[in-house]
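Chemist: Can you keep this structure in mind? I'll have questions shortly.
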Amino acid sequence: MDAIRIHGGVPLKGEIPISGAKNAALPLMAACLLTDEPLVLSNVPALADIKTMSALLQQHGAEISRSDDGHTLNLHVGAITSTEAPYDLVRKMRASVLVLGPLVAREGVARVSLPGGCAIGTRPVDLHLKALSALGAEIEMANGYVEARIPAGQKRLKGAHFTFPMVTVGGTENVLMAAALAEGETVIENAAREPEIADLAECLIAMGAGITGLGSGTLKVQGVESLHGAHHSVVPDRIETGTYAVAAAITRGKLKLTNTRVDLLDSVIDAMRQTGVEVRSDETSITVTASDRLAGVDVMTEPYPGFPTDMQAQWMALMTTADGAAMVTETIFENRFMHVPELGRFGADVNVHGASAIVRGKVDLTGAPVMATDLRASVSLVLTGLAAAGETTVNRVYHLDRGYERLEEKLAACGARIERIKGV
Ligand code: UD1
């Protein structure tokens with residue numbers, strides 16, 4: 001397994017191009033199952049999760065070709081050759097469950113392995129299933145698989161009014177894709193408002209679906225009998241943007257983040273400004289300039305447009321370098337503080353009580369060997385390593401490869417002393 005070695009303490013300076021959003025690209029790829037015409041996606045990040053989704057779609061019958069730079073995918077499912085998403089692929093990546101809605105909507109049946117537990121909480125899919133059964137799908141569970149089918153004698157799912165009891169990103173995406181091919185109107189209330197959902201809705205509209213309410217908590221879908229091919233460019237990755245904004249701040253450097261959009265991360269930028277970091281932006285870039293001293297700022301994770309849970313670990317890393325204390329509260333996942341003991345290895349002072357963590361900042365961080373159990377936790381350790389004096393080794397780099405394209409390259413280009421060590 002690869003590791004990443006960092007010699008910290010260098011203020012980062014330069015430009016980092018932001019990739020397309022992984023969390024938008026995955027549902028967009030699943031949307032290719034909804035049509036027998038080609039779906040062309042550009043600005044797709046080159047990541048391990050994208051490969052996993054490609055493998056899953058290929059075994060459902062997708063023919064997938066990639067442009068030379070790997071950032072444009074042509075996905076074509078002339079015919080669905082298998083309606084089963086096997087355990088081996090689903091267990092690698094929870095987002096695999098996003099094939100459920102499209103498969104049942106187009107093919108009338110889908111059998112998808114349950115994603116099971118996950119490092120950051122139990123993460124059930126009960127709400128995905130409730131929403132699909134509101135559209136008339138019959139759902140059964142057996143042998144670790146969920147099977148959904150359109151009732152005998154019926155050709156399509158039926159539009160319905162469904163209110164999510166809590167906000168779920170994946171659940172909203174699954175039912176949105178299914179509703180696009182259902183008969184009649186579907187109204188999804190308490191829909192997640194994450195920008196990745198509006199991005200999916202825009203692509204579905206380009207494929208011929210009727211959807212209104214983009215960016216709001218109520219999505220109205222006019223189902224159609226069939227969808228056609230389209231070309232769609234994936235929205236910039238707001239979490240990658242926020243992560244590199246923290247990289248600038250934590251190293252007291254200055255970074256210009258390009259190919260991105262400031263409106264995707266208002267809550268993070270607000271918090272950033274409160275710490276004393278200067279953030280300037282134009283249509284497609286954000287420039288982050290840190291001063292030497294930062295103030296501690298409390299954050300609480302919430303569904304969009306609140307502070308993203310996927311930025312919580314990075315924020316905590318930043319707060320270890322701020323003056324005074326900061327309280328970080330996690331409300332989305334019940335077990336998302338696994339980075340805390342690892343931050344302690346750098347000398348960070350973080351005290352967890354229930355869903356909140358108090359970070360007492362301004363400690364002298366020193367490099368350490370660390371490892372993490374999920375993607376965002378791993379990157380928070382890289383960020384801390386960039387700020388800490390001396391050498392840090394981050395193990396289990398495969399987590400980072402799932403969500404950050406060319407991480408070491410992008411950081412090294414801005415002066416970071418960072419390298420990948422193969423197969424340690
Ligand atoms: C997506 C993102 C992930 C992000 C999360 C929250 C992708 C590929 N992943 O994950 O990076 O951290 O949104 O912003 O886009 N829940 C249920 N039942 C369900 C579904 C969810 O109880 O059927 C719970 C989950 O356990 C969790 C909460 O709802 O506590 C939010 O989960 P959800 O929004 O569904 O996250 P994902 O779509 O899995």
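Ordering of the structure tokens sets the chain letters (A, B, ...), residue numbers begin anew at 1 in every chain, and ligands are numbered from 1 in the order given.
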Please check which protein, DNA or RNA residues sit within 6 Å of ligand 1, counting only C-alpha atoms and all ligand atoms, and write them as a CSV table (one decimal) with C-alpha atoms, in the first residue's frame.
Modeler:
chain,number,residue,atom,x,y,z
A,23,ASN,CA,-20.1,13.3,-5.7
A,95,ALA,CA,-22.6,5.2,-4.0
A,122,THR,CA,-24.3,2.8,10.0
A,123,ARG,CA,-25.6,4.7,6.9
A,124,PRO,CA,-28.7,2.7,6.0
A,125,VAL,CA,-30.6,2.9,2.7
A,126,ASP,CA,-34.1,2.7,4.2
A,127,LEU,CA,-35.1,6.1,2.8
A,128,HIS,CA,-34.0,5.2,-0.7
A,168,THR,CA,-30.5,12.3,2.2
A,169,VAL,CA,-28.4,13.2,-0.7
A,170,GLY,CA,-28.2,9.7,-2.2
A,171,GLY,CA,-31.9,9.0,-1.5
A,309,THR,CA,-19.8,17.3,6.9
A,310,ASP,CA,-17.3,16.5,4.2
A,332,ILE,CA,-25.0,14.3,9.9
A,333,PHE,CA,-23.0,11.2,10.8
Chemist: Which residues of region 158-260 of chain A come within 6 Å of region 265-287 of chain A, and what is each one's closest atom pair and distance in Å (one decimal), counting only C-alpha atoms, sorted by chain and residue number, as CSV?
Modeler:
residue,atom,partner,partner_atom,distance
A:Leu255,CA,A:Thr287,CA,5.7
A:Lys256,CA,A:Thr287,CA,4.2
A:Leu257,CA,A:Ile286,CA,5.1
A:Thr258,CA,A:Ser285,CA,4.4
A:Asn259,CA,A:Thr284,CA,5.3
A:Thr260,CA,A:Thr284,CA,5.1
Chemist: Give the helix (DSSP H, G or I) residues of region 129-256 of chain A, as assigned by DSSP on the backbone, as a PyMOL selection string.
Modeler: chain A and resi 129-134+169-180+195-206+238-250
Chemist: Write out, as a short mmCIF file (atom, residue, chain, number, x, y, z; two decimals), in the first residue's frame, the residues just selected, with C-alpha atoms.
Modeler:
data_model
loop_
_atom_site.label_atom_id
_atom_site.label_comp_id
_atom_site.auth_asym_id
_atom_site.auth_seq_id
_atom_site.Cartn_x
_atom_site.Cartn_y
_atom_site.Cartn_z
CA LEU A 129 -36.26 2.19 -0.48
CA LYS A 130 -39.19 4.09 1.05
CA ALA A 131 -39.04 6.65 -1.73
CA LEU A 132 -38.91 3.98 -4.45
CA SER A 133 -41.78 2.08 -2.89
CA ALA A 134 -43.81 5.34 -2.89
CA VAL A 169 -28.36 13.17 -0.73
CA GLY A 170 -28.18 9.67 -2.22
CA GLY A 171 -31.86 9.00 -1.47
CA THR A 172 -32.89 12.17 -3.32
CA GLU A 173 -30.70 11.23 -6.29
CA ASN A 174 -32.05 7.69 -6.51
CA VAL A 175 -35.71 8.72 -6.51
CA LEU A 176 -35.07 11.66 -8.84
CA MET A 177 -33.60 9.34 -11.48
CA ALA A 178 -36.41 6.80 -11.03
CA ALA A 179 -39.11 9.51 -11.19
CA ALA A 180 -37.71 10.77 -14.51
CA PRO A 195 -25.33 21.42 -5.68
CA GLU A 196 -24.59 17.90 -6.93
CA ILE A 197 -28.36 17.26 -7.02
CA ALA A 198 -29.08 20.33 -9.14
CA ASP A 199 -26.23 19.16 -11.40
CA LEU A 200 -27.87 15.75 -11.80
CA ALA A 201 -31.25 17.40 -12.43
CA GLU A 202 -29.71 19.61 -15.14
CA CYS A 203 -28.28 16.57 -16.87
CA LEU A 204 -31.63 14.72 -16.64
CA ILE A 205 -33.33 17.78 -18.16
CA ALA A 206 -30.79 17.71 -21.00
CA ARG A 238 -16.74 22.18 -3.72
CA ILE A 239 -15.13 19.85 -1.18
CA GLU A 240 -11.82 19.75 -3.06
CA THR A 241 -12.05 23.55 -3.32
CA GLY A 242 -12.66 23.88 0.43
CA THR A 243 -9.88 21.42 1.21
CA TYR A 244 -7.28 23.45 -0.73
CA ALA A 245 -8.63 26.67 0.78
CA VAL A 246 -7.79 25.11 4.15
CA ALA A 247 -4.35 24.11 2.78
CA ALA A 248 -3.66 27.79 2.06
CA ALA A 249 -4.91 28.85 5.49
CA ILE A 250 -3.24 26.14 7.57
#
Chemist: Measuring atom to atom with only C-alpha atoms, identify which of A:Ile418, A:Leu75, A:Leu157, A:Ala24 is nearest to Ala230 (chain A).
Modeler: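 Closest to Ala230 (chain A) of all the choices is A:Leu75.
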Chemist: As a PyMOL selection string, list the residues of region 268-331 of chain A assigned to strand (DSSP E or B) by DSSP on the backbone atoms of this structure.
Modeler: chain A and resi 278-281+286-289+295+299-301+307+323+325-329
Chemist: For the selection you just gave me, I'd like the residues written to a file as a short mmCIF file (atom, residue, chain, number, x, y, z; two decimals), in the first residue's frame, keeping all heavy atoms.
Modeler:
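The file below, selection-v6.cif, is the result:
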data_model
loop_
_atom_site.label_atom_id
_atom_site.label_comp_id
_atom_site.auth_asym_id
_atom_site.auth_seq_id
_atom_site.Cartn_x
_atom_site.Cartn_y
_atom_site.Cartn_z
N GLU A 278 -8.30 36.00 4.28
CA GLU A 278 -8.89 36.82 3.22
C GLU A 278 -9.28 35.93 2.05
O GLU A 278 -8.47 35.11 1.59
CB GLU A 278 -7.84 37.85 2.77
CG GLU A 278 -8.37 38.83 1.75
CD GLU A 278 -7.25 39.64 1.12
OE1 GLU A 278 -6.58 40.40 1.85
OE2 GLU A 278 -7.05 39.49 -0.10
N VAL A 279 -10.51 36.09 1.61
CA VAL A 279 -10.96 35.29 0.47
C VAL A 279 -11.50 36.24 -0.59
O VAL A 279 -12.41 37.03 -0.31
CB VAL A 279 -12.08 34.30 0.89
CG1 VAL A 279 -12.48 33.42 -0.31
CG2 VAL A 279 -11.66 33.44 2.06
N ARG A 280 -10.91 36.18 -1.78
CA ARG A 280 -11.42 36.98 -2.89
C ARG A 280 -11.82 36.03 -4.01
O ARG A 280 -11.27 34.94 -4.12
CB ARG A 280 -10.34 37.95 -3.39
CG ARG A 280 -10.23 39.20 -2.50
CD ARG A 280 -9.18 40.17 -2.99
NE ARG A 280 -7.84 39.62 -2.85
CZ ARG A 280 -7.00 39.39 -3.87
NH1 ARG A 280 -7.35 39.67 -5.10
NH2 ARG A 280 -5.80 38.87 -3.66
N SER A 281 -12.80 36.45 -4.80
CA SER A 281 -13.23 35.51 -5.84
C SER A 281 -13.69 36.25 -7.09
O SER A 281 -14.04 37.42 -7.03
CB SER A 281 -14.39 34.67 -5.31
OG SER A 281 -15.48 35.49 -5.02
N ILE A 286 -11.07 31.38 -6.84
CA ILE A 286 -11.10 31.87 -5.45
C ILE A 286 -9.65 32.02 -5.00
O ILE A 286 -8.85 31.10 -5.19
CB ILE A 286 -11.78 30.85 -4.52
CG1 ILE A 286 -13.20 30.54 -5.01
CG2 ILE A 286 -11.80 31.32 -3.08
CD1 ILE A 286 -13.92 29.49 -4.20
N THR A 287 -9.32 33.16 -4.43
CA THR A 287 -7.95 33.34 -3.92
C THR A 287 -8.01 33.46 -2.40
O THR A 287 -8.75 34.29 -1.86
CB THR A 287 -7.29 34.59 -4.54
OG1 THR A 287 -7.33 34.44 -5.96
CG2 THR A 287 -5.85 34.74 -4.09
N VAL A 288 -7.26 32.61 -1.75
CA VAL A 288 -7.27 32.53 -0.29
C VAL A 288 -5.91 32.98 0.23
O VAL A 288 -4.88 32.41 -0.14
CB VAL A 288 -7.53 31.07 0.15
CG1 VAL A 288 -7.58 30.95 1.67
CG2 VAL A 288 -8.82 30.56 -0.46
N THR A 289 -5.91 34.02 1.06
CA THR A 289 -4.65 34.53 1.61
C THR A 289 -4.75 34.52 3.13
O THR A 289 -5.65 35.14 3.71
CB THR A 289 -4.41 36.00 1.15
OG1 THR A 289 -4.64 36.07 -0.25
CG2 THR A 289 -2.99 36.44 1.46
N ALA A 295 -8.30 33.27 14.11
CA ALA A 295 -9.17 33.12 15.28
C ALA A 295 -9.90 31.79 15.21
O ALA A 295 -10.24 31.32 14.12
CB ALA A 295 -10.18 34.27 15.28
N VAL A 299 -18.00 25.57 14.15
CA VAL A 299 -18.87 25.20 13.03
C VAL A 299 -19.74 24.00 13.43
O VAL A 299 -19.38 23.22 14.32
CB VAL A 299 -18.09 24.81 11.74
CG1 VAL A 299 -17.28 25.98 11.19
CG2 VAL A 299 -17.21 23.59 11.95
N MET A 300 -20.89 23.91 12.78
CA MET A 300 -21.77 22.76 12.98
C MET A 300 -22.15 22.23 11.60
O MET A 300 -22.58 23.01 10.74
CB MET A 300 -23.03 23.19 13.72
CG MET A 300 -23.94 22.03 14.03
SD MET A 300 -25.54 22.54 14.62
CE MET A 300 -25.17 22.99 16.29
N THR A 301 -21.96 20.95 11.37
CA THR A 301 -22.29 20.41 10.04
C THR A 301 -23.80 20.32 9.89
O THR A 301 -24.52 19.98 10.84
CB THR A 301 -21.67 19.02 9.82
OG1 THR A 301 -22.25 18.10 10.75
CG2 THR A 301 -20.17 19.05 10.01
N PHE A 307 -22.81 24.06 6.78
CA PHE A 307 -21.40 23.67 6.69
C PHE A 307 -21.31 22.17 6.37
O PHE A 307 -21.90 21.34 7.07
CB PHE A 307 -20.69 23.98 8.02
CG PHE A 307 -19.19 23.89 7.92
CD1 PHE A 307 -18.43 25.01 7.63
CD2 PHE A 307 -18.55 22.67 8.10
CE1 PHE A 307 -17.04 24.91 7.52
CE2 PHE A 307 -17.17 22.57 7.99
CZ PHE A 307 -16.42 23.69 7.69
N ASP A 323 -5.85 30.71 17.14
CA ASP A 323 -5.78 31.20 18.53
C ASP A 323 -7.09 30.86 19.22
O ASP A 323 -8.16 31.10 18.68
CB ASP A 323 -5.65 32.74 18.55
CG ASP A 323 -4.27 33.18 18.08
OD1 ASP A 323 -3.35 32.33 18.06
OD2 ASP A 323 -4.12 34.36 17.73
N ALA A 325 -10.12 28.60 21.36
CA ALA A 325 -10.82 27.33 21.16
C ALA A 325 -11.86 27.44 20.06
O ALA A 325 -12.32 28.52 19.72
CB ALA A 325 -11.49 26.91 22.46
N ALA A 326 -12.21 26.28 19.49
CA ALA A 326 -13.28 26.22 18.49
C ALA A 326 -14.08 24.94 18.75
O ALA A 326 -13.50 23.90 19.05
CB ALA A 326 -12.70 26.19 17.09
N MET A 327 -15.39 25.04 18.64
CA MET A 327 -16.21 23.84 18.81
C MET A 327 -16.70 23.36 17.44
O MET A 327 -17.26 24.13 16.67
CB MET A 327 -17.40 24.12 19.71
CG MET A 327 -18.17 22.86 20.01
SD MET A 327 -19.18 22.98 21.48
CE MET A 327 -20.52 23.95 20.88
N VAL A 328 -16.45 22.09 17.18
CA VAL A 328 -16.85 21.49 15.90
C VAL A 328 -17.93 20.45 16.21
O VAL A 328 -17.67 19.50 16.95
CB VAL A 328 -15.63 20.82 15.22
CG1 VAL A 328 -16.04 20.11 13.94
CG2 VAL A 328 -14.54 21.86 14.94
N THR A 329 -19.13 20.66 15.67
CA THR A 329 -20.25 19.76 15.97
C THR A 329 -20.67 19.03 14.70
O THR A 329 -20.88 19.64 13.66
CB THR A 329 -21.44 20.56 16.56
OG1 THR A 329 -20.96 21.27 17.69
CG2 THR A 329 -22.57 19.64 16.99
#
Chemist: Could you tell me how far CA of Arg156 (chain A) lies from CA of Glu138 (chain A), in Å and to one decimal?
Modeler: 12.2 Å
Chemist: Quick one: residues within 7 Å of region 38-46 of chain A, only C-alpha atoms counted, chain neighbours fewer than 6 positions away excluded, as a PyMOL selection string?
Modeler: chain A and resi 19-22+25+32+70-76+229-234+405
Chemist: If you count only C-alpha atoms, which residues fall within 6 Å of region 213-216 of chain A, apart from same-chain ones fewer than 2 positions away, as a list in words?
Modeler: Arg193, Ala198, Thr218 and Leu219 of chain A
Chemist: Now that the selection is made, can you save its residues with all heavy atoms as a PDB file, in the first residue's frame?
Modeler:
ATOM      1  N   ARG A 193     -30.549  19.623  -0.973  1.00  0.00           N
ATOM      2  CA  ARG A 193     -30.327  20.779  -1.866  1.00  0.00           C
ATOM      3  C   ARG A 193     -28.867  20.911  -2.285  1.00  0.00           C
ATOM      4  O   ARG A 193     -28.439  21.952  -2.765  1.00  0.00           O
ATOM      5  CB  ARG A 193     -30.788  22.053  -1.147  1.00  0.00           C
ATOM      6  CG  ARG A 193     -32.302  22.101  -1.000  1.00  0.00           C
ATOM      7  CD  ARG A 193     -32.746  23.415  -0.407  1.00  0.00           C
ATOM      8  NE  ARG A 193     -32.532  23.461   1.027  1.00  0.00           N
ATOM      9  CZ  ARG A 193     -32.458  24.585   1.732  1.00  0.00           C
ATOM     10  NH1 ARG A 193     -32.548  25.752   1.136  1.00  0.00           N
ATOM     11  NH2 ARG A 193     -32.275  24.548   3.042  1.00  0.00           N
ATOM     12  N   ALA A 198     -28.673  19.442  -8.043  1.00  0.00           N
ATOM     13  CA  ALA A 198     -29.079  20.330  -9.142  1.00  0.00           C
ATOM     14  C   ALA A 198     -28.305  19.953 -10.409  1.00  0.00           C
ATOM     15  O   ALA A 198     -28.845  19.997 -11.524  1.00  0.00           O
ATOM     16  CB  ALA A 198     -28.822  21.779  -8.763  1.00  0.00           C
ATOM     17  N   THR A 218     -38.022  21.265  -2.763  1.00  0.00           N
ATOM     18  CA  THR A 218     -39.135  20.575  -3.417  1.00  0.00           C
ATOM     19  C   THR A 218     -38.828  20.409  -4.900  1.00  0.00           C
ATOM     20  O   THR A 218     -38.704  21.393  -5.633  1.00  0.00           O
ATOM     21  CB  THR A 218     -40.453  21.383  -3.264  1.00  0.00           C
ATOM     22  OG1 THR A 218     -40.665  21.619  -1.864  1.00  0.00           O
ATOM     23  CG2 THR A 218     -41.633  20.630  -3.833  1.00  0.00           C
ATOM     24  N   LEU A 219     -38.693  19.174  -5.305  1.00  0.00           N
ATOM     25  CA  LEU A 219     -38.422  18.895  -6.722  1.00  0.00           C
ATOM     26  C   LEU A 219     -39.683  18.311  -7.349  1.00  0.00           C
ATOM     27  O   LEU A 219     -40.301  17.392  -6.778  1.00  0.00           O
ATOM     28  CB  LEU A 219     -37.276  17.886  -6.848  1.00  0.00           C
ATOM     29  CG  LEU A 219     -35.891  18.363  -6.390  1.00  0.00           C
ATOM     30  CD1 LEU A 219     -34.929  17.178  -6.291  1.00  0.00           C
ATOM     31  CD2 LEU A 219     -35.339  19.416  -7.352  1.00  0.00           C
TER      32      LEU A 219
END
Chemist: CA of Phe337 (chain A) to CA of Gly217 (chain A): how many Å, to one decimal?
Modeler: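 Computed distance, CA of Phe337 (chain A) to CA of Gly217 (chain A), equals 28.5 Å.
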Chemist: Go through A:Val10, A:Pro165, A:Leu89, A:Gly61 one by one, measure the shortest atom-to-atom distance of each to Ala389 (chain A) using only C-alpha atoms, and give the residue with the smallest value.
Modeler: A:Val10
Chemist: I'd like the contact shell of Ser380 (chain A) - 10 Å cut-off, only C-alpha atoms, skipping same-chain residues fewer than 6 positions apart - returned as a PDB file with N, CA and C atoms, in the first residue's frame.
Modeler:
ATOM      1  N   THR A 243     -11.049  22.086   0.643  1.00  0.00           N
ATOM      2  CA  THR A 243      -9.876  21.423   1.214  1.00  0.00           C
ATOM      3  C   THR A 243      -8.605  22.221   0.889  1.00  0.00           C
ATOM      4  N   VAL A 246      -8.364  25.385   2.824  1.00  0.00           N
ATOM      5  CA  VAL A 246      -7.792  25.108   4.147  1.00  0.00           C
ATOM      6  C   VAL A 246      -6.271  24.917   4.039  1.00  0.00           C
ATOM      7  N   ALA A 247      -5.810  24.298   2.949  1.00  0.00           N
ATOM      8  CA  ALA A 247      -4.354  24.107   2.778  1.00  0.00           C
ATOM      9  C   ALA A 247      -3.642  25.462   2.758  1.00  0.00           C
ATOM     10  N   MET A 311     -16.345  18.604   5.056  1.00  0.00           N
ATOM     11  CA  MET A 311     -15.276  19.576   5.365  1.00  0.00           C
ATOM     12  C   MET A 311     -14.970  19.612   6.866  1.00  0.00           C
ATOM     13  N   GLN A 312     -15.660  18.776   7.632  1.00  0.00           N
ATOM     14  CA  GLN A 312     -15.526  18.862   9.097  1.00  0.00           C
ATOM     15  C   GLN A 312     -14.108  18.525   9.572  1.00  0.00           C
ATOM     16  N   ALA A 313     -13.543  17.440   9.039  1.00  0.00           N
ATOM     17  CA  ALA A 313     -12.209  17.013   9.497  1.00  0.00           C
ATOM     18  C   ALA A 313     -11.149  18.051   9.107  1.00  0.00           C
ATOM     19  N   GLN A 314     -11.279  18.613   7.900  1.00  0.00           N
ATOM     20  CA  GLN A 314     -10.313  19.614   7.442  1.00  0.00           C
ATOM     21  C   GLN A 314     -10.412  20.867   8.318  1.00  0.00           C
ATOM     22  N   TRP A 315     -11.653  21.232   8.676  1.00  0.00           N
ATOM     23  CA  TRP A 315     -11.829  22.412   9.522  1.00  0.00           C
ATOM     24  C   TRP A 315     -11.167  22.201  10.885  1.00  0.00           C
ATOM     25  N   MET A 316     -11.361  21.001  11.394  1.00  0.00           N
ATOM     26  CA  MET A 316     -10.768  20.698  12.706  1.00  0.00           C
ATOM     27  C   MET A 316      -9.240  20.828  12.637  1.00  0.00           C
ATOM     28  N   ALA A 317      -8.663  20.337  11.547  1.00  0.00           N
ATOM     29  CA  ALA A 317      -7.205  20.462  11.368  1.00  0.00           C
ATOM     30  C   ALA A 317      -6.810  21.936  11.410  1.00  0.00           C
ATOM     31  N   LEU A 318      -7.557  22.770  10.694  1.00  0.00           N
ATOM     32  CA  LEU A 318      -7.230  24.204  10.651  1.00  0.00           C
ATOM     33  C   LEU A 318      -7.315  24.820  12.048  1.00  0.00           C
ATOM     34  N   HIS A 339     -10.668  10.943  13.048  1.00  0.00           N
ATOM     35  CA  HIS A 339      -9.401  11.652  12.833  1.00  0.00           C
ATOM     36  C   HIS A 339      -8.861  12.239  14.131  1.00  0.00           C
ATOM     37  N   VAL A 340      -9.713  12.322  15.173  1.00  0.00           N
ATOM     38  CA  VAL A 340      -9.288  13.007  16.398  1.00  0.00           C
ATOM     39  C   VAL A 340      -8.059  12.360  17.053  1.00  0.00           C
ATOM     40  N   GLU A 342      -5.827  10.604  15.700  1.00  0.00           N
ATOM     41  CA  GLU A 342      -4.676  10.789  14.796  1.00  0.00           C
ATOM     42  C   GLU A 342      -4.162  12.222  14.880  1.00  0.00           C
ATOM     43  N   LEU A 343      -5.075  13.193  14.987  1.00  0.00           N
ATOM     44  CA  LEU A 343      -4.633  14.597  15.139  1.00  0.00           C
ATOM     45  C   LEU A 343      -3.828  14.733  16.428  1.00  0.00           C
ATOM     46  N   ALA A 372      -5.665   6.897   8.526  1.00  0.00           N
ATOM     47  CA  ALA A 372      -7.067   7.249   8.746  1.00  0.00           C
ATOM     48  C   ALA A 372      -7.968   6.232   8.095  1.00  0.00           C
ATOM     49  N   LEU A 386       1.085  19.232   6.512  1.00  0.00           N
ATOM     50  CA  LEU A 386       1.645  20.385   5.782  1.00  0.00           C
ATOM     51  C   LEU A 386       1.990  21.524   6.743  1.00  0.00           C
TER      52      LEU A 386
END
Chemist: Neighbours of Lys362 (chain A) within 7 Å (only C-alpha atoms; same-chain residues fewer than 3 positions away dropped), as a ChimeraX atom specification?
Modeler: /A:320-323
Chemist: For Gly14 (chain A), which of A:Gly101, A:Ala348, A:Gly253, A:Val379 is the closest residue, counting only C-alpha atoms?
Modeler: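 The answer is A:Gly253, which sits nearest to Gly14 (chain A).
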Chemist: Please indicate the distance in Å from CA of Ser226 (chain A) to CA of Val104 (chain A), rounded to one decimal place.
Modeler: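 A separation of 13.6 Å between them.
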Chemist: Name the closest residue to Ile188 (chain A) among the candidates A:Thr212, A:Ser291, A:Thr163, A:Thr373; distances are taken between atoms, counting only C-alpha atoms.
Modeler: A:Thr163
